[in-house]
Structures are given as C-alpha cells and as structure tokens.
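> Pasting structure-v6.csv here (CSV, C-alpha atoms):
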chain,number,residue,atom,x,y,z
A,1,MET,CA,84.3,40.3,-34.4
A,2,GLU,CA,80.6,40.0,-33.5
A,3,PRO,CA,77.8,40.0,-36.1
A,4,PRO,CA,76.2,43.3,-36.7
A,5,THR,CA,73.6,44.7,-34.2
A,6,SER,CA,70.0,45.1,-35.2
A,7,PRO,CA,70.2,48.7,-36.4
A,8,LYS,CA,73.0,47.7,-38.8
A,9,ILE,CA,71.4,44.5,-40.1
A,10,GLN,CA,69.2,46.1,-42.7
A,11,LYS,CA,72.0,48.3,-44.0
A,12,VAL,CA,74.2,45.2,-44.4
A,13,ILE,CA,71.4,43.3,-46.2
A,14,HIS,CA,70.7,46.3,-48.5
A,15,VAL,CA,74.4,46.6,-49.4
A,16,THR,CA,74.5,42.8,-50.1
A,17,TYR,CA,71.6,43.3,-52.5
A,18,LEU,CA,73.6,46.0,-54.3
A,19,ILE,CA,76.7,43.8,-54.5
A,20,VAL,CA,74.6,41.0,-56.1
A,21,ALA,CA,73.1,43.4,-58.6
A,22,ILE,CA,76.5,44.7,-59.7
A,23,ASP,CA,78.1,41.3,-59.8
A,24,ILE,CA,75.3,39.8,-61.9
A,25,THR,CA,75.5,42.9,-64.2
A,26,SER,CA,79.2,42.1,-64.7
A,27,LEU,CA,78.5,38.4,-65.2
A,28,PHE,CA,76.0,39.1,-68.0
A,29,LEU,CA,78.4,41.5,-69.6
A,30,GLN,CA,80.8,38.6,-69.8
A,31,LEU,CA,78.1,36.2,-71.0
A,32,SER,CA,77.2,38.6,-73.8
A,33,VAL,CA,80.8,38.5,-74.9
A,34,THR,CA,82.0,34.9,-74.6
A,35,PRO,CA,79.7,33.1,-77.2
A,36,TYR,CA,80.4,35.6,-80.0
A,37,LEU,CA,84.2,35.8,-79.1
A,38,ALA,CA,84.3,32.0,-79.2
A,39,LYS,CA,82.5,32.0,-82.6
A,40,LYS,CA,85.0,34.5,-84.0
A,41,MET,CA,87.8,32.0,-82.9
A,42,GLY,CA,86.1,29.2,-84.9
A,43,PHE,CA,84.5,27.4,-82.0
A,44,ASP,CA,81.7,25.0,-83.0
A,45,THR,CA,79.0,23.7,-80.7
A,46,LEU,CA,81.2,20.9,-79.3
A,47,TRP,CA,84.1,23.2,-78.4
A,48,PHE,CA,81.8,25.8,-76.9
A,49,GLY,CA,80.4,23.0,-74.8
A,50,TYR,CA,83.9,22.2,-73.6
A,51,LEU,CA,84.3,25.9,-72.6
A,52,GLN,CA,81.1,25.8,-70.7
A,53,THR,CA,82.0,22.5,-69.0
A,54,THR,CA,85.3,24.1,-67.8
A,55,VAL,CA,83.2,26.7,-65.9
A,56,GLY,CA,81.0,23.9,-64.5
A,57,VAL,CA,84.0,21.8,-63.3
A,58,MET,CA,85.7,24.8,-61.7
A,59,GLN,CA,82.6,25.9,-59.8
A,60,LEU,CA,81.6,22.3,-58.9
A,61,LEU,CA,85.0,21.9,-57.3
A,62,GLY,CA,84.9,25.3,-55.6
A,63,GLY,CA,81.3,25.5,-54.4
A,64,PRO,CA,81.3,23.2,-51.4
A,65,VAL,CA,84.8,24.4,-50.4
A,66,PHE,CA,83.7,28.0,-50.7
A,67,GLY,CA,80.8,27.3,-48.4
A,68,ARG,CA,83.0,25.8,-45.7
A,69,PHE,CA,85.5,28.7,-46.2
A,70,ALA,CA,82.7,31.2,-45.6
A,71,ASP,CA,81.5,29.4,-42.5
A,72,ILE,CA,85.0,29.4,-41.0
A,73,PHE,CA,86.6,32.7,-42.1
A,74,GLY,CA,83.5,34.8,-42.4
A,75,ALA,CA,81.4,36.6,-45.1
A,76,ARG,CA,83.9,39.4,-45.8
A,77,ALA,CA,86.8,37.1,-46.6
A,78,ALA,CA,84.6,34.9,-48.7
A,79,LEU,CA,83.0,37.6,-50.7
A,80,SER,CA,86.3,39.5,-51.2
A,81,LEU,CA,87.8,36.4,-52.6
A,82,SER,CA,84.9,35.9,-55.0
A,83,CYS,CA,84.8,39.5,-56.2
A,84,PHE,CA,88.6,39.5,-56.8
A,85,ALA,CA,88.4,36.2,-58.7
A,86,SER,CA,85.6,37.7,-60.9
A,87,MET,CA,87.7,40.7,-61.7
A,88,VAL,CA,90.7,38.5,-62.7
A,89,SER,CA,88.5,36.3,-64.9
A,90,PHE,CA,87.0,39.3,-66.8
A,91,LEU,CA,90.5,40.9,-67.3
A,92,LEU,CA,91.7,37.6,-68.7
A,93,LEU,CA,88.7,37.6,-71.1
A,94,ALA,CA,89.6,41.1,-72.2
A,95,ALA,CA,93.1,39.9,-73.0
A,96,ALA,CA,92.0,36.6,-74.7
A,97,ASP,CA,93.2,36.5,-78.3
A,98,SER,CA,93.6,32.7,-78.5
A,99,THR,CA,91.8,29.5,-77.6
A,100,ILE,CA,94.1,28.9,-74.7
A,101,LEU,CA,93.5,32.3,-73.1
A,102,LEU,CA,89.7,31.9,-73.6
A,103,PHE,CA,89.9,28.7,-71.6
A,104,LEU,CA,92.2,30.2,-69.0
A,105,HIS,CA,89.8,33.0,-68.2
A,106,LYS,CA,87.4,30.4,-66.9
A,107,LEU,CA,89.8,29.0,-64.3
A,108,PRO,CA,89.1,31.7,-61.6
A,109,ALA,CA,85.5,30.5,-61.7
A,110,VAL,CA,86.6,28.1,-58.9
A,111,PHE,CA,86.3,31.1,-56.5
A,112,MET,CA,83.5,33.0,-58.2
A,113,HIS,CA,80.6,32.5,-55.8
A,114,VAL,CA,79.3,36.0,-55.0
A,115,LEU,CA,75.7,34.9,-55.1
A,116,PRO,CA,76.0,31.9,-52.6
A,117,GLY,CA,78.2,34.1,-50.4
A,118,SER,CA,75.5,36.8,-50.5
A,119,GLN,CA,72.8,34.2,-49.8
A,120,MET,CA,74.7,33.2,-46.7
A,121,VAL,CA,74.8,36.8,-45.4
A,122,VAL,CA,71.1,37.2,-46.0
A,123,ALA,CA,70.2,33.8,-44.5
A,124,ASP,CA,72.3,34.5,-41.4
A,125,LEU,CA,70.8,37.9,-40.8
A,126,SER,CA,67.2,37.3,-41.7
A,127,GLU,CA,64.5,35.8,-39.5
A,128,SER,CA,63.7,32.1,-40.3
A,129,GLY,CA,60.1,32.8,-41.2
A,130,LYS,CA,61.1,35.5,-43.7
A,131,ARG,CA,64.1,33.7,-45.1
A,132,ALA,CA,62.5,32.7,-48.4
A,133,GLU,CA,61.3,36.2,-49.0
A,134,ALA,CA,64.7,37.6,-48.2
A,135,LEU,CA,66.4,35.1,-50.6
A,136,ALA,CA,63.8,36.0,-53.2
A,137,LYS,CA,64.9,39.6,-53.1
A,138,LEU,CA,68.4,38.5,-54.0
A,139,GLY,CA,66.7,37.0,-57.1
A,140,LEU,CA,65.2,40.4,-57.7
A,141,CYS,CA,68.7,41.8,-57.7
A,142,PHE,CA,69.7,39.0,-60.0
A,143,GLY,CA,67.0,40.1,-62.4
A,144,ILE,CA,68.1,43.7,-62.3
A,145,GLY,CA,71.7,42.7,-63.0
A,146,MET,CA,70.5,40.4,-65.8
A,147,ILE,CA,68.6,43.3,-67.5
A,148,ALA,CA,71.4,45.8,-67.0
A,149,GLY,CA,74.2,43.4,-68.0
A,150,SER,CA,72.4,41.9,-71.1
A,151,SER,CA,71.3,45.3,-72.5
A,152,LEU,CA,74.6,47.0,-71.8
A,153,GLY,CA,76.6,44.0,-73.0
A,154,GLY,CA,74.9,43.9,-76.4
A,155,THR,CA,75.2,47.6,-76.9
A,156,LEU,CA,78.9,47.8,-75.8
A,157,SER,CA,79.9,44.7,-77.8
A,158,THR,CA,78.3,46.2,-80.9
A,159,HIS,CA,79.8,49.7,-80.6
A,160,TYR,CA,83.1,49.1,-78.8
A,161,GLY,CA,83.9,45.5,-79.1
A,162,GLU,CA,84.1,42.4,-76.8
A,163,LYS,CA,87.4,43.4,-75.1
A,164,PHE,CA,86.1,46.8,-73.9
A,165,THR,CA,82.9,45.1,-72.6
A,166,ALA,CA,85.0,42.6,-70.6
A,167,CYS,CA,87.0,45.5,-69.1
A,168,VAL,CA,83.7,47.2,-68.0
A,169,ALA,CA,82.7,43.9,-66.4
A,170,ALA,CA,86.1,43.8,-64.5
A,171,GLY,CA,85.4,47.4,-63.3
A,172,GLY,CA,82.0,46.3,-61.9
A,173,SER,CA,83.7,43.5,-59.9
A,174,LEU,CA,86.2,46.0,-58.5
A,175,VAL,CA,83.3,48.2,-57.3
A,176,SER,CA,81.7,45.1,-55.7
A,177,LEU,CA,85.1,44.3,-54.0
A,178,LEU,CA,85.3,47.8,-52.5
A,179,LEU,CA,81.7,47.6,-51.2
A,180,VAL,CA,82.5,44.2,-49.5
A,181,LEU,CA,85.6,45.6,-47.8
A,182,LYS,CA,83.7,48.7,-46.6
A,183,PHE,CA,80.3,47.4,-45.5
A,184,ILE,CA,80.2,43.6,-45.0
A,185,PRO,CA,81.2,42.5,-41.4
A,186,LYS,CA,83.8,39.9,-40.9
A,187,HIS,CA,81.2,37.5,-39.5
A,188,THR,CA,77.4,37.4,-39.9
A,189,LYS,CA,76.6,34.4,-37.8
A,190,LYS,CA,74.9,34.9,-34.5
A,191,HIS,CA,77.3,32.6,-32.7
A,192,ALA,CA,81.1,32.4,-32.8
A,193,THR,CA,82.5,30.6,-35.7
A,194,LYS,CA,84.5,28.1,-33.8
A,195,GLN,CA,82.2,25.3,-34.5
A,196,SER,CA,82.2,21.7,-33.5
A,197,ASN,CA,83.4,21.0,-37.0
A,198,GLY,CA,87.0,21.9,-36.3
A,199,GLY,CA,87.1,25.6,-36.8
A,200,GLY,CA,90.5,25.5,-38.6
A,201,ALA,CA,91.6,26.0,-42.1
A,202,GLY,CA,91.9,22.3,-42.6
A,203,SER,CA,88.2,21.8,-42.1
A,204,VAL,CA,87.5,23.7,-45.3
A,205,PHE,CA,88.5,20.6,-47.3
A,206,ASN,CA,86.8,18.1,-44.9
A,207,LEU,CA,84.5,15.9,-47.0
A,208,LYS,CA,83.0,14.3,-43.8
A,209,GLU,CA,81.5,17.7,-42.9
A,210,ILE,CA,79.7,17.8,-46.3
A,211,ILE,CA,78.4,14.2,-45.8
A,212,ARG,CA,77.3,15.1,-42.3
A,213,LEU,CA,75.0,17.8,-43.7
A,214,MET,CA,73.3,15.2,-45.9
A,215,LYS,CA,72.3,13.3,-42.7
A,216,PHE,CA,70.1,16.0,-41.3
A,217,PRO,CA,66.3,15.2,-41.6
A,218,GLY,CA,65.0,16.0,-45.1
A,219,VAL,CA,68.2,17.3,-46.5
A,220,ALA,CA,69.1,14.3,-48.7
A,221,LYS,CA,65.6,14.1,-50.1
A,222,THR,CA,65.3,17.8,-50.9
A,223,PHE,CA,68.8,17.9,-52.4
A,224,THR,CA,68.1,14.9,-54.6
A,225,VAL,CA,64.9,16.6,-55.9
A,226,LYS,CA,66.9,19.8,-56.5
A,227,ILE,CA,69.4,17.9,-58.7
A,228,ILE,CA,67.0,15.6,-60.6
A,229,SER,CA,64.2,18.1,-61.2
A,230,GLY,CA,66.5,21.0,-62.0
A,231,LEU,CA,68.7,19.1,-64.4
A,232,PRO,CA,66.6,19.3,-67.6
A,233,SER,CA,66.0,23.1,-67.3
A,234,GLY,CA,69.7,23.5,-66.3
A,235,ILE,CA,70.7,21.8,-69.5
A,236,PHE,CA,68.5,24.0,-71.6
A,237,GLN,CA,69.9,27.2,-69.9
A,238,VAL,CA,73.4,26.0,-70.6
A,239,MET,CA,72.6,25.5,-74.3
A,240,PHE,CA,70.4,28.6,-74.7
A,241,PHE,CA,73.1,30.8,-76.2
A,242,ILE,CA,73.7,28.2,-78.9
A,243,ILE,CA,70.0,28.0,-79.5
A,244,ALA,CA,69.7,31.8,-79.6
A,245,ILE,CA,72.5,32.0,-82.2
A,246,ASN,CA,71.8,28.9,-84.3
A,247,VAL,CA,68.1,28.4,-84.1
A,248,PHE,CA,66.6,31.9,-83.4
A,249,GLN,CA,69.4,33.6,-85.4
A,250,LEU,CA,69.8,36.4,-82.9
A,251,GLN,CA,72.5,39.0,-83.1
A,252,PRO,CA,74.4,40.3,-79.9
A,253,LYS,CA,72.0,43.3,-79.4
A,254,GLN,CA,68.9,41.2,-80.0
A,255,ASN,CA,70.2,38.5,-77.7
A,256,GLY,CA,70.8,41.2,-75.1
A,257,TYR,CA,67.2,42.4,-75.4
A,258,LEU,CA,65.9,38.9,-74.9
A,259,MET,CA,68.0,38.4,-71.8
A,260,ALA,CA,66.8,41.7,-70.5
A,261,TYR,CA,63.2,40.5,-71.0
A,262,PHE,CA,64.1,37.4,-69.0
A,263,GLY,CA,65.5,39.6,-66.3
A,264,LEU,CA,62.4,41.8,-66.2
A,265,VAL,CA,60.1,38.7,-65.8
A,266,GLN,CA,62.4,37.4,-63.0
A,267,MET,CA,62.3,40.8,-61.2
A,268,VAL,CA,58.5,40.7,-61.1
A,269,ILE,CA,58.4,37.1,-59.9
A,270,GLN,CA,61.1,37.5,-57.3
A,271,GLY,CA,60.0,40.9,-56.1
A,272,ALA,CA,56.2,40.7,-56.2
A,273,VAL,CA,55.2,37.1,-56.3
A,274,ILE,CA,57.4,34.8,-54.2
A,275,GLY,CA,57.0,36.7,-51.0
A,276,ARG,CA,53.2,36.6,-51.2
A,277,LEU,CA,53.3,32.9,-52.1
A,278,THR,CA,55.5,31.9,-49.2
A,279,ALA,CA,53.4,33.9,-46.8
A,280,ARG,CA,50.3,32.0,-47.8
A,281,TYR,CA,51.4,28.5,-48.7
A,282,SER,CA,53.9,26.0,-47.1
A,283,GLU,CA,57.3,25.6,-48.8
A,284,TYR,CA,56.7,21.9,-49.5
A,285,SER,CA,53.4,22.7,-51.2
A,286,LEU,CA,55.1,25.3,-53.4
A,287,LEU,CA,57.8,22.7,-54.2
A,288,ARG,CA,55.3,20.2,-55.4
A,289,VAL,CA,53.4,22.7,-57.5
A,290,THR,CA,56.5,24.1,-59.2
A,291,VAL,CA,57.8,20.6,-60.1
A,292,GLY,CA,54.4,19.7,-61.6
A,293,LEU,CA,54.1,22.9,-63.5
A,294,SER,CA,57.7,22.6,-64.8
A,295,SER,CA,56.7,19.4,-66.5
A,296,PHE,CA,54.1,21.1,-68.6
A,297,VAL,CA,56.4,24.1,-69.2
A,298,GLY,CA,58.8,21.5,-70.8
A,299,LEU,CA,56.0,20.3,-73.0
A,300,ALA,CA,55.2,23.8,-74.2
A,301,GLN,CA,58.9,24.4,-74.7
A,302,ALA,CA,59.1,21.4,-77.0
A,303,LEU,CA,56.3,22.8,-79.2
A,304,THR,CA,57.9,26.2,-79.5
A,305,THR,CA,59.1,27.0,-83.0
A,306,ASN,CA,60.2,30.7,-82.9
A,307,VAL,CA,61.5,33.4,-80.5
A,308,PHE,CA,58.1,35.1,-80.3
A,309,GLN,CA,56.4,31.9,-78.9
A,310,PHE,CA,59.4,31.4,-76.6
A,311,CYS,CA,58.8,34.8,-75.0
A,312,PHE,CA,55.4,33.5,-73.9
A,313,VAL,CA,56.7,30.2,-72.6
A,314,ALA,CA,59.5,32.0,-70.8
A,315,VAL,CA,57.0,33.5,-68.2
A,316,PRO,CA,56.0,30.2,-66.6
A,317,MET,CA,59.5,28.8,-67.2
A,318,MET,CA,61.0,31.7,-65.2
A,319,PHE,CA,58.3,31.3,-62.5
A,320,CYS,CA,59.1,27.6,-62.0
A,321,THR,CA,62.9,28.1,-62.0
A,322,SER,CA,62.8,31.1,-59.6
A,323,VAL,CA,60.3,29.6,-57.1
A,324,PHE,CA,62.0,26.2,-57.2
A,325,ASN,CA,65.5,27.6,-56.5
A,326,VAL,CA,64.3,29.9,-53.7
A,327,ILE,CA,62.2,27.3,-52.0
A,328,THR,CA,64.8,24.5,-52.1
A,329,ASP,CA,67.5,26.8,-50.8
A,330,SER,CA,65.2,28.0,-48.0
A,331,ILE,CA,64.2,24.5,-47.0
A,332,LEU,CA,67.8,23.3,-47.0
A,333,THR,CA,69.3,26.2,-45.0
A,334,LYS,CA,66.5,25.7,-42.4
A,335,SER,CA,67.3,22.0,-42.1
A,336,VAL,CA,70.9,22.6,-40.9
A,337,PRO,CA,72.3,24.5,-37.9
A,338,ALA,CA,73.0,28.2,-38.4
A,339,SER,CA,76.7,27.5,-38.3
A,340,ASP,CA,76.4,25.4,-41.5
A,341,THR,CA,74.4,27.7,-43.7
A,342,GLY,CA,77.4,28.7,-45.8
A,343,ALA,CA,78.4,25.1,-46.4
A,344,MET,CA,74.8,24.2,-47.4
A,345,LEU,CA,74.5,27.2,-49.8
A,346,GLY,CA,77.8,26.2,-51.2
A,347,LEU,CA,76.4,22.7,-51.9
A,348,CYS,CA,73.3,24.3,-53.5
A,349,ALA,CA,75.6,26.4,-55.7
A,350,SER,CA,77.4,23.2,-56.7
A,351,VAL,CA,74.2,21.8,-58.1
A,352,GLN,CA,74.2,24.6,-60.7
A,353,SER,CA,77.8,24.0,-61.3
A,354,PHE,CA,77.1,20.3,-61.8
A,355,MET,CA,74.5,21.2,-64.4
A,356,ARG,CA,77.1,23.4,-66.2
A,357,THR,CA,79.5,20.5,-66.1
A,358,VAL,CA,77.3,17.8,-67.5
A,359,GLY,CA,74.9,20.1,-69.3
A,360,PRO,CA,77.0,20.9,-72.4
A,361,THR,CA,77.8,17.2,-73.0
A,362,ILE,CA,74.2,16.0,-72.5
A,363,GLY,CA,72.7,19.1,-74.2
A,364,GLY,CA,75.1,18.9,-77.2
A,365,PHE,CA,74.1,15.2,-77.7
A,366,LEU,CA,70.4,15.9,-77.5
A,367,TYR,CA,70.7,19.0,-79.8
A,368,GLU,CA,72.7,17.2,-82.4
A,369,THR,CA,70.8,14.0,-82.3
A,370,TYR,CA,67.2,14.8,-81.6
A,371,GLY,CA,66.9,18.6,-82.1
A,372,VAL,CA,65.8,21.5,-79.9
A,373,ALA,CA,62.5,19.9,-79.0
A,374,SER,CA,64.2,17.1,-77.1
A,375,PHE,CA,65.1,19.6,-74.2
A,376,GLY,CA,61.4,20.2,-73.6
A,377,TYR,CA,60.3,16.5,-73.8
A,378,THR,CA,63.2,15.6,-71.4
A,379,GLN,CA,62.0,18.2,-68.9
A,380,PHE,CA,58.4,17.0,-69.2
A,381,SER,CA,59.3,13.3,-68.6
A,382,VAL,CA,61.7,13.9,-65.7
A,383,ASN,CA,59.5,16.4,-63.8
A,384,ILE,CA,56.3,14.4,-64.2
A,385,ILE,CA,58.0,11.4,-62.6
A,386,VAL,CA,59.5,13.6,-59.7
A,387,PHE,CA,56.1,15.2,-59.2
A,388,SER,CA,54.3,11.9,-59.0
A,389,LEU,CA,56.9,10.6,-56.4
A,390,LEU,CA,56.5,13.8,-54.3
A,391,LEU,CA,52.7,13.5,-54.4
A,392,ILE,CA,52.8,9.8,-53.4
A,393,SER,CA,55.2,10.7,-50.5
A,394,HIS,CA,53.0,13.5,-49.3
A,395,THR,CA,49.8,11.3,-49.5
A,396,LYS,CA,51.5,8.5,-47.5
A,397,ARG,CA,52.7,11.0,-44.8
A,398,ASN,CA,49.1,12.3,-44.4
A,399,LEU,CA,47.5,8.9,-44.1
Could I get this file's structure written as structure tokens?


Amino acid sequence: MEPPTSPKIQKVIHVTYLIVAIDITSLFLQLSVTPYLAKKMGFDTLWFGYLQTTVGVMQLLGGPVFGRFADIFGARAALSLSCFASMVSFLLLAAADSTILLFLHKLPAVFMHVLPGSQMVVADLSESGKRAEALAKLGLCFGIGMIAGSSLGGTLSTHYGEKFTACVAAGGSLVSLLLVLKFIPKHTKKHATKQSNGGGAGSVFNLKEIIRLMKFPGVAKTFTVKIISGLPSGIFQVMFFIIAINVFQLQPKQNGYLMAYFGLVQMVIQGAVIGRLTARYSEYSLLRVTVGLSSFVGLAQALTTNVFQFCFVAVPMMFCTSVFNVITDSILTKSVPASDTGAMLGLCASVQSFMRTVGPTIGGFLYETYGVASFGYTQFSVNIIVFSLLLISHTKRNL
C-alpha cells in the first residue's frame, strides 16, 4: 500500500495527535494508580524502584526492535501492537491483587511504544523544515493527556478505587486501537519499505542495523548528549512519585492536580513556544541553550524545599525537557534516511527506557544517602560539563 496522498496527510496527522492524547491520558490514569496500589501492598522505596526498573528494562529491550518493526511492517501494524499491549497491561493492573500480578502487568511494556510510533508517522508525513514543530505538537497532545489523565486518575481513584481507574485506562487504549485500524495507513513512508537493510522479519532483530545508524554524521554525538544530559532529569522524573508522596506528602487527588499543572505548562511550551523558537533559531543553538539552562534549573531544584516553590521551578524545568527532547529527536531523524526514521525514534525512546531502568537504582541511592537535593546538584554538575563541551566544540568549528 502506498503512503497517503497530500489531501489525506493532514487528516492522518490529526488522528495521530488524537491517538497520542488518548494514549497518554490512559498512561497517566495508570500512573495515578500504581504508586498508591504498591503502597497498599506494602512496597517500600526499594521495591517500588524494582517495579519501575521492570518497566525500563521491558521498554529498553523493546524500543529499538519496535522501531525496526515499524520501518518494515508499517505504522498501522506497529501502533496496533502498541495499543493492544497497553490495553492488556491496564487490564492486568485492574486484576492485580498481589505483588506478582503487579509486576506482571509491567511485562507488556515491551510493546508499549505508541508515542515513538506516532512520532514516526508525523516525521514521515511532515516536511523536513517543519518536523520539529510537528513533533512539538505531539508534545502538546502529551500535555493534554497528562492533564486529563492526572486529574481524572486522582478523582476516579478517590471515588471509585484503583481497579476501576485501571479499567477506564484499558478502555482508552481500546479506543486508540480502533482509531489506528480505521485511519492510520499501512505505510507512511514515501518509498517502498523493502529497504537495503533486508526487508524481512529477521531484520527486526538485526543489531548491525542499529549500529549502522550510529555511523551517520552527527548521530553518535547527538545521541550521546541525549543520554548524558538527559539522565539526571530522567532520574528525578522516575523518583518524582516517591518525592510527591514522602516529601511533599501529597494525596492522590493533590498529586493529580500537580501533574495536571505540569501538563498545562507543557501544553503552552509545546504548542506556543517551540514552533516559534525553531523558526527563528537553529536546532543546534537551541540544544546548547537548553543544556546550559538545565544546569541552573538543577541548582534551583536543589534549593527547593516545598511544593509551592517546586511549581515555580517546574516552568523552566519543563521548558528544558520539552525543547531538549523535541530538538534531539528532530536532529536525529534528519540525520538518517527516511527509511530509518522508525528505527531512530525507537532508539530515542530506548533512552527514556534506559533512564527508567537505571533511574530507580541511582535515584534510590541518592535519595536514601544524600537526600532530595542531590538530584538537583547532580543535574547541575552533569549539564554544566556537557554545556561546556558543546560550547568548545561549536567554537572550534567556527574558527
């Protein structure tokens, strides 16, 4: 099947945005349930870290493979698999009444990659010059889902319980699956999917293809920056639910309101700020600025003592995270052939999975040993070093 013609492209992109909004709503419904359900089962910080690590490991293993799967078999097959896996995971959560089942509900996460799959659709169908803006609008949908899921999750959990909330999340994934089957074309790439990389099912698991992507100019450098610079903030995000419960003493509904606030901030940044920035400044300039600013955000974060102060720090924190992720994804997808955008976005998603894998262990150690402020000081130290190296590299290139 050929990719959609021009009149249909905008419709496909708009439906993709809707799918992301619904999927993220379901995800945050689930996230509003898991920490409190785990606490009821007697999980301490260490065991909750193991639970989070399970998700990270599953998605770390599945991310690159999912990207190759999407490149070879097409967007519809990849997104259908992801939506179905999400639905199964949320139903298992609804049935979880023991530690084993709580861990088992994380296993389908190996296929839960709706956002990277949607990024591939948008990257394939959007013009190269407008790709960062188009990807940013996916972030806007993420913010909408974050607000809806967090607010609804806190309310539903309080009035109807965690299991009902998980069932509502599963229903959202079912709606996403039906939208994928109805509106997403089999293939979104502008050329046939029989690539030089093999074109068969076996190539989904071909590690050499992933290594090949790293050899394109600029890919290894940008990917390294994405991992190292993003790791401190990723650790903090993984540990945030623990911080919200133990440090800020937030109840489910209050935590939902805070997450909704984060979503609102992200919506403004993704919908009204990033497009204007990318139209005016180069992506590499924005990358340097966000890494530098992120170091000072870490310093402010370390000095934060209550949730009211954190709400102020959250604005530049969300700005840095949003711009950094969009810009690095845009640079990396432009650095590889169109036939490999799915694989590259799968690798980008695996960075987040890597953080969820190592984050609970590192974060738990920092939290227990040095306290909450250590997250901010770590972010400051790492990002000021990365910023200095990027600045030196830019200066040498211009000499």

> Of the residues A:Pro108, A:Pro360, A:Pro64, A:Gly74, which is the one nearest to Phe240 (chain A), using all atoms listed in the file?

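When distances to Phe240 (chain A) are compared using all atoms listed in the file, the smallest one comes from A:Pro360.
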
> In the coordinate frame of the file, compute which residues have an atom within 12 Å of (84.1, 24.5, -50.4) when using all atoms listed in the file, and state them as a ChimeraX atom specification.

/A:58-73,78,110-113,116-117,201-207,209-210,340,342-350

> Name the residues, using the chain letters and numbers of the file, that sit within 9 Å of (77.9, 42.1, -75.3) when counting only C-alpha atoms, and give them as number ranges by chain.

A: 28-34, 36, 149-158, 161-162, 165-166, 252-253, 255-256

> Rank nothing, just name the residue among A:Ile269, A:Leu178, A:Val326, A:Met120 nearest to Thr341 (chain A), using all atoms listed in the file.

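That would be A:Met120, the residue with the smallest distance to Thr341 (chain A).
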
> Grab the CA of Phe183 (chain A) to CA of Leu138 (chain A) distance for me, in Å with one decimal place.

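Distance between the two atoms: 17.1 Å.
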